[in-house]
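S.K.: So that we are looking at the same thing, I have put the structure below in structure tokens.
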Amino acid sequence: MKKLVLIDGHALVHRSYHALPPLVSPDGILVNGVYGFALVFLKMLRELHPDYVVATFDMAAPTFRHQEYKEYKATRKKMPANFYEQIKIVHQLLQAFSVPIFEKEGYEADDIIGTIVQKVKGDNIKVFILTGDLDTLQLVSRKVNVLTPRQGLRDQIIYTPEKVEERFHLSPQQLRDWKALRGDPSDNVPGIPSIGEKTAQKLISQYHDLDTLYRNIREGKKIDVSPRVLEKLKQFEKQAY
């Protein structure tokens, strides 16, 4: 089976930028994000020996998520200029390795990765998503794994369906609905007030998905939560979706 690596370039540079001290090149240019990216990138090439590699990046323009929900990522601080300067250097690094770079205004790197995963799912290809965050875990399957650094950049973990289940006690496909209930502070997605990780996990584990949970609520069936939480579920249904 051939191997395809999809790199979430923006997320990896971001992780490296915060994980490493402010390393400076002989020309006085900050390169900690570039250096960390290069470490992870070269380690991946050595260990996976991929047949194909594609890099994806976010763009500065608002995405369709901002159009759906104007508060999306509104609490994030803008990264300093020297971060974006390093993104340009990473582009040059990838071009030197003849790695194609995909980016599209209105979409995030994750969206491009998800699109490519869908396009190759019928082929005899094993996909590895190399990323600095875990948003792509919902794509994990027998043929799709997520590879991400941990403990800074020194170690890494490969998420298989079993690894996702072990950590979250949910299937990869259930993570989306789990986040719909608990929210995602890093993206300023509110979820349902008063529902944290454990309650969201219990509900999605019991009812399998958001649709089934709310169908049971609308039908007046007993839901194993406190009256206060049940009221919040009813009140903020639209927000969850």
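Naming scheme: A, B, ... for chains in displayed order of the structure tokens; residues 1 onward per chain; ligands 1 onward as shown.
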Do you know which residues are at most 10 Å from region 10-24 of chain A counting only C-alpha atoms, after dropping those on the same chain fewer than 3 positions away, and could you put them as an MDAnalysis selection string?

M.R.: chainID A and resid 7 27:41 55:59 79 82:84 86:87 90 108:110 130:134 148:153

S.K.: Can you tell me which residues surround region 156-160 of chain A at a distance of at most 9 Å, considering only C-alpha atoms, apart from same-chain residues fewer than 4 positions away, and format the answer as a list in words?

M.R.: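 The neighbour list is Phe128, Leu137, Val140, Ser141, Arg142, Lys143, Val144, Asn145, Val146, Leu147, Thr148, Pro149, Arg150, Gln151, Val164 and Glu165 of chain A.
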
S.K.: My list of candidates is A:Leu210, A:Ala240, A:Val5, A:Ala200. Which is closest to Val225 (chain A) when distances are computed with only C-alpha atoms?

M.R.: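 Among A:Leu210, A:Ala240, A:Val5, A:Ala200, it is A:Ala200 that comes nearest to Val225 (chain A).
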
S.K.: Could you give me, as a ChimeraX atom specification, the residues within 12 Å of Ile112 (chain A), counting only C-alpha atoms and dropping anything in the same chain fewer than 6 positions from it?

M.R.: /A:6-9,54-59,101-106,118-119,129,136

S.K.: Neighbours of region 180-189 of chain A within 8 Å (only C-alpha atoms; same-chain residues fewer than 3 positions away dropped), as a ChimeraX atom specification?

M.R.: /A:71-76,176-177,192-193,195-197,200,240-241

S.K.: Using only all heavy atoms, please write the residues we just selected to a file, as a tab-separated table (two decimals), in the first residue's frame.

M.R.:
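Saved result, selection-v3.tsv, follows:
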```tsv
chain	number	residue	atom	x	y	z
A	71	GLU	N	-18.28	34.83	15.55
A	71	GLU	CA	-17.38	34.80	16.70
A	71	GLU	C	-16.34	33.69	16.60
A	71	GLU	O	-15.54	33.49	17.52
A	71	GLU	CB	-18.20	34.60	17.99
A	71	GLU	CG	-19.16	35.75	18.29
A	71	GLU	CD	-18.43	37.07	18.44
A	71	GLU	OE1	-17.38	37.11	19.10
A	71	GLU	OE2	-18.92	38.08	17.89
A	72	TYR	N	-16.32	32.95	15.49
A	72	TYR	CA	-15.37	31.86	15.32
A	72	TYR	C	-13.94	32.38	15.44
A	72	TYR	O	-13.54	33.31	14.74
A	72	TYR	CB	-15.59	31.19	13.96
A	72	TYR	CG	-14.65	30.07	13.63
A	72	TYR	CD1	-14.63	28.92	14.40
A	72	TYR	CD2	-13.76	30.17	12.56
A	72	TYR	CE1	-13.77	27.88	14.10
A	72	TYR	CE2	-12.89	29.14	12.25
A	72	TYR	CZ	-12.91	27.98	13.03
A	72	TYR	OH	-12.03	26.95	12.73
A	73	LYS	N	-13.18	31.81	16.38
A	73	LYS	CA	-11.78	32.17	16.64
A	73	LYS	C	-11.60	33.66	17.02
A	73	LYS	O	-10.49	34.19	16.95
A	73	LYS	CB	-10.88	31.83	15.44
A	73	LYS	CG	-10.73	30.33	15.20
A	73	LYS	CD	-9.71	30.04	14.12
A	73	LYS	CE	-9.51	28.53	13.98
A	73	LYS	NZ	-8.52	28.19	12.93
A	74	ALA	N	-12.69	34.30	17.45
A	74	ALA	CA	-12.61	35.74	17.74
A	74	ALA	C	-11.73	36.06	18.93
A	74	ALA	O	-11.22	37.17	19.06
A	74	ALA	CB	-14.02	36.29	17.98
A	75	THR	N	-11.52	35.09	19.84
A	75	THR	CA	-10.73	35.34	21.03
A	75	THR	C	-9.24	35.08	20.82
A	75	THR	O	-8.43	35.31	21.71
A	75	THR	CB	-11.22	34.46	22.19
A	75	THR	OG1	-11.21	33.08	21.78
A	75	THR	CG2	-12.63	34.84	22.60
A	76	ARG	N	-8.87	34.60	19.66
A	76	ARG	CA	-7.45	34.32	19.41
A	76	ARG	C	-6.67	35.61	19.18
A	76	ARG	O	-7.11	36.49	18.46
A	76	ARG	CB	-7.29	33.41	18.18
A	76	ARG	CG	-7.64	31.98	18.44
A	76	ARG	CD	-7.07	31.08	17.38
A	76	ARG	NE	-7.43	29.70	17.60
A	76	ARG	CZ	-7.03	28.69	16.82
A	76	ARG	NH1	-6.26	28.95	15.77
A	76	ARG	NH2	-7.40	27.46	17.07
A	176	ARG	N	-16.85	15.04	16.53
A	176	ARG	CA	-17.50	16.27	16.07
A	176	ARG	C	-18.70	16.61	16.96
A	176	ARG	O	-18.86	17.75	17.41
A	176	ARG	CB	-17.94	16.12	14.61
A	176	ARG	CG	-18.68	17.32	14.04
A	176	ARG	CD	-19.24	17.01	12.68
A	176	ARG	NE	-20.22	15.93	12.75
A	176	ARG	CZ	-20.92	15.50	11.70
A	176	ARG	NH1	-20.73	16.04	10.52
A	176	ARG	NH2	-21.80	14.53	11.83
A	177	ASP	N	-19.54	15.61	17.22
A	177	ASP	CA	-20.73	15.85	18.04
A	177	ASP	C	-20.36	16.07	19.50
A	177	ASP	O	-21.04	16.82	20.22
A	177	ASP	CB	-21.69	14.67	17.91
A	177	ASP	CG	-22.35	14.62	16.53
A	177	ASP	OD1	-22.04	15.51	15.70
A	177	ASP	OD2	-23.15	13.71	16.27
A	192	ILE	N	-22.61	23.80	24.69
A	192	ILE	CA	-23.75	23.95	25.59
A	192	ILE	C	-23.25	24.38	26.96
A	192	ILE	O	-22.43	23.67	27.56
A	192	ILE	CB	-24.54	22.63	25.73
A	192	ILE	CG1	-24.98	22.10	24.37
A	192	ILE	CG2	-25.73	22.81	26.66
A	192	ILE	CD1	-26.09	22.87	23.73
A	193	PRO	N	-23.72	25.50	27.50
A	193	PRO	CA	-23.31	25.90	28.86
A	193	PRO	C	-23.60	24.79	29.87
A	193	PRO	O	-24.61	24.08	29.75
A	193	PRO	CB	-24.17	27.13	29.14
A	193	PRO	CG	-24.51	27.68	27.78
A	193	PRO	CD	-24.63	26.49	26.88
A	195	ILE	N	-22.11	22.00	30.20
A	195	ILE	CA	-21.72	20.66	29.76
A	195	ILE	C	-20.23	20.65	29.48
A	195	ILE	O	-19.73	21.36	28.61
A	195	ILE	CB	-22.51	20.23	28.51
A	195	ILE	CG1	-23.97	20.01	28.88
A	195	ILE	CG2	-21.92	18.95	27.92
A	195	ILE	CD1	-24.81	19.42	27.79
A	196	GLY	N	-19.52	19.83	30.26
A	196	GLY	CA	-18.08	19.69	30.08
A	196	GLY	C	-17.74	18.42	29.32
A	196	GLY	O	-18.61	17.75	28.75
A	197	GLU	N	-16.46	18.07	29.34
A	197	GLU	CA	-15.98	16.93	28.56
A	197	GLU	C	-16.65	15.62	28.97
A	197	GLU	O	-17.07	14.84	28.12
A	197	GLU	CB	-14.46	16.80	28.70
A	197	GLU	CG	-13.67	17.92	28.03
A	197	GLU	CD	-12.18	17.63	28.03
A	197	GLU	OE1	-11.79	16.51	28.41
A	197	GLU	OE2	-11.40	18.52	27.64
A	200	ALA	N	-20.43	15.45	28.10
A	200	ALA	CA	-20.57	15.34	26.64
A	200	ALA	C	-20.18	13.94	26.17
A	200	ALA	O	-20.86	13.35	25.33
A	200	ALA	CB	-19.69	16.39	25.96
A	240	ALA	N	-25.71	24.28	19.65
A	240	ALA	CA	-24.94	23.03	19.49
A	240	ALA	C	-24.77	22.69	18.01
A	240	ALA	O	-23.68	22.36	17.55
A	240	ALA	CB	-25.64	21.89	20.22
A	241	TYR	N	-25.87	22.81	17.26
A	241	TYR	CA	-25.79	22.47	15.84
A	241	TYR	C	-24.98	23.50	15.06
A	241	TYR	O	-24.27	23.17	14.11
A	241	TYR	CB	-27.19	22.33	15.25
A	241	TYR	CG	-27.78	20.95	15.48
A	241	TYR	CD1	-28.62	20.71	16.56
A	241	TYR	CD2	-27.45	19.90	14.62
A	241	TYR	CE1	-29.13	19.44	16.79
A	241	TYR	CE2	-27.97	18.64	14.84
A	241	TYR	CZ	-28.80	18.39	15.93
A	241	TYR	OH	-29.31	17.16	16.14
```

S.K.: Could you pull the residues within 8 Å of Lys3 (chain A), counting only C-alpha atoms, minus those fewer than 5 positions along the same chain, as a ChimeraX atom specification?

M.R.: /A:48-52,125-128

S.K.: Grab the residues selected above and save them as a compact mmCIF listing (two decimals), in the first residue's frame with all heavy atoms.

M.R.:
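Resulting contents of again.txt:
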```
# COMPACT_ATOMS: atom_id res chain seq x y z
N LEU A 48 8.75 7.31 7.88
CA LEU A 48 7.60 6.82 7.12
C LEU A 48 7.95 6.45 5.68
O LEU A 48 7.26 5.64 5.07
CB LEU A 48 6.48 7.87 7.11
CG LEU A 48 5.75 8.11 8.43
CD1 LEU A 48 4.61 9.11 8.23
CD2 LEU A 48 5.21 6.82 9.03
N HIS A 49 8.98 7.08 5.12
CA HIS A 49 9.34 6.86 3.71
C HIS A 49 8.10 6.97 2.80
O HIS A 49 7.75 6.02 2.09
CB HIS A 49 9.99 5.48 3.52
CG HIS A 49 11.21 5.26 4.38
ND1 HIS A 49 12.42 5.89 4.13
CD2 HIS A 49 11.40 4.51 5.50
CE1 HIS A 49 13.30 5.51 5.04
NE2 HIS A 49 12.71 4.69 5.89
N PRO A 50 7.44 8.11 2.82
CA PRO A 50 6.18 8.24 2.06
C PRO A 50 6.41 8.24 0.56
O PRO A 50 7.46 8.66 0.06
CB PRO A 50 5.63 9.59 2.54
CG PRO A 50 6.85 10.37 2.92
CD PRO A 50 7.80 9.37 3.51
N ASP A 51 5.39 7.78 -0.17
CA ASP A 51 5.42 7.84 -1.64
C ASP A 51 5.00 9.21 -2.13
O ASP A 51 5.46 9.67 -3.19
CB ASP A 51 4.49 6.77 -2.21
CG ASP A 51 4.91 5.37 -1.81
OD1 ASP A 51 5.85 4.84 -2.41
OD2 ASP A 51 4.30 4.83 -0.86
N TYR A 52 4.10 9.86 -1.37
CA TYR A 52 3.58 11.17 -1.75
C TYR A 52 3.53 12.06 -0.52
O TYR A 52 3.21 11.61 0.57
CB TYR A 52 2.16 11.07 -2.34
CG TYR A 52 1.97 9.95 -3.33
CD1 TYR A 52 1.29 8.79 -2.97
CD2 TYR A 52 2.47 10.04 -4.63
CE1 TYR A 52 1.11 7.75 -3.87
CE2 TYR A 52 2.30 9.01 -5.54
CZ TYR A 52 1.62 7.86 -5.15
OH TYR A 52 1.45 6.85 -6.04
N ILE A 125 -4.21 3.48 -0.77
CA ILE A 125 -3.30 4.46 -0.18
C ILE A 125 -3.55 4.57 1.32
O ILE A 125 -4.68 4.67 1.77
CB ILE A 125 -3.49 5.85 -0.83
CG1 ILE A 125 -3.02 5.83 -2.29
CG2 ILE A 125 -2.73 6.93 -0.06
CD1 ILE A 125 -3.24 7.13 -3.02
N LYS A 126 -2.47 4.53 2.08
CA LYS A 126 -2.52 4.79 3.52
C LYS A 126 -2.17 6.25 3.74
O LYS A 126 -1.14 6.73 3.27
CB LYS A 126 -1.51 3.90 4.24
CG LYS A 126 -1.42 4.12 5.74
CD LYS A 126 -2.48 3.37 6.50
CE LYS A 126 -2.22 3.41 8.00
NZ LYS A 126 -3.19 2.61 8.74
N VAL A 127 -3.02 6.97 4.46
CA VAL A 127 -2.83 8.41 4.65
C VAL A 127 -2.36 8.68 6.08
O VAL A 127 -2.91 8.16 7.05
CB VAL A 127 -4.15 9.18 4.39
CG1 VAL A 127 -3.94 10.67 4.66
CG2 VAL A 127 -4.63 8.95 2.97
N PHE A 128 -1.34 9.53 6.18
CA PHE A 128 -0.88 10.03 7.47
C PHE A 128 -1.05 11.55 7.46
O PHE A 128 -0.51 12.22 6.58
CB PHE A 128 0.59 9.68 7.72
CG PHE A 128 0.84 8.22 7.90
CD1 PHE A 128 1.07 7.40 6.80
CD2 PHE A 128 0.84 7.65 9.16
CE1 PHE A 128 1.31 6.04 6.95
CE2 PHE A 128 1.07 6.29 9.34
CZ PHE A 128 1.30 5.48 8.22
```

S.K.: Go ahead and compute the interatomic distance for CA of Gln92 (chain A) and CA of Leu139 (chain A), in Å to one decimal.

M.R.: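 CA of Leu139 (chain A) lies 28.5 Å from CA of Gln92 (chain A).
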
S.K.: CA of Pro190 (chain A) and CA of Gln239 (chain A), how far apart in Å?

M.R.: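 Atom-to-atom, CA of Gln239 (chain A) to CA of Pro190 (chain A), that is 7.7 Å.
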
S.K.: Tell me, in Å to one decimal, how far CA of Val53 (chain A) is from CA of Asp111 (chain A).

M.R.: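 These atoms are spaced 16.7 Å apart.
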
S.K.: Give me every helix (DSSP H, G or I) residue in region 12-241 of chain A, going by DSSP on the backbone, as a ChimeraX atom specification.

M.R.: /A:12-19,32-48,64-68,81-96,109-120,135-139,161-168,172-182,185-187,197-207,210-218,227-235,237-240

S.K.: For Lys43 (chain A), which residue among A:Lys222, A:Lys234, A:Arg154, A:Lys202 is the nearest when counting only C-alpha atoms?

M.R.: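 That would be A:Arg154, the residue with the smallest distance to Lys43 (chain A).
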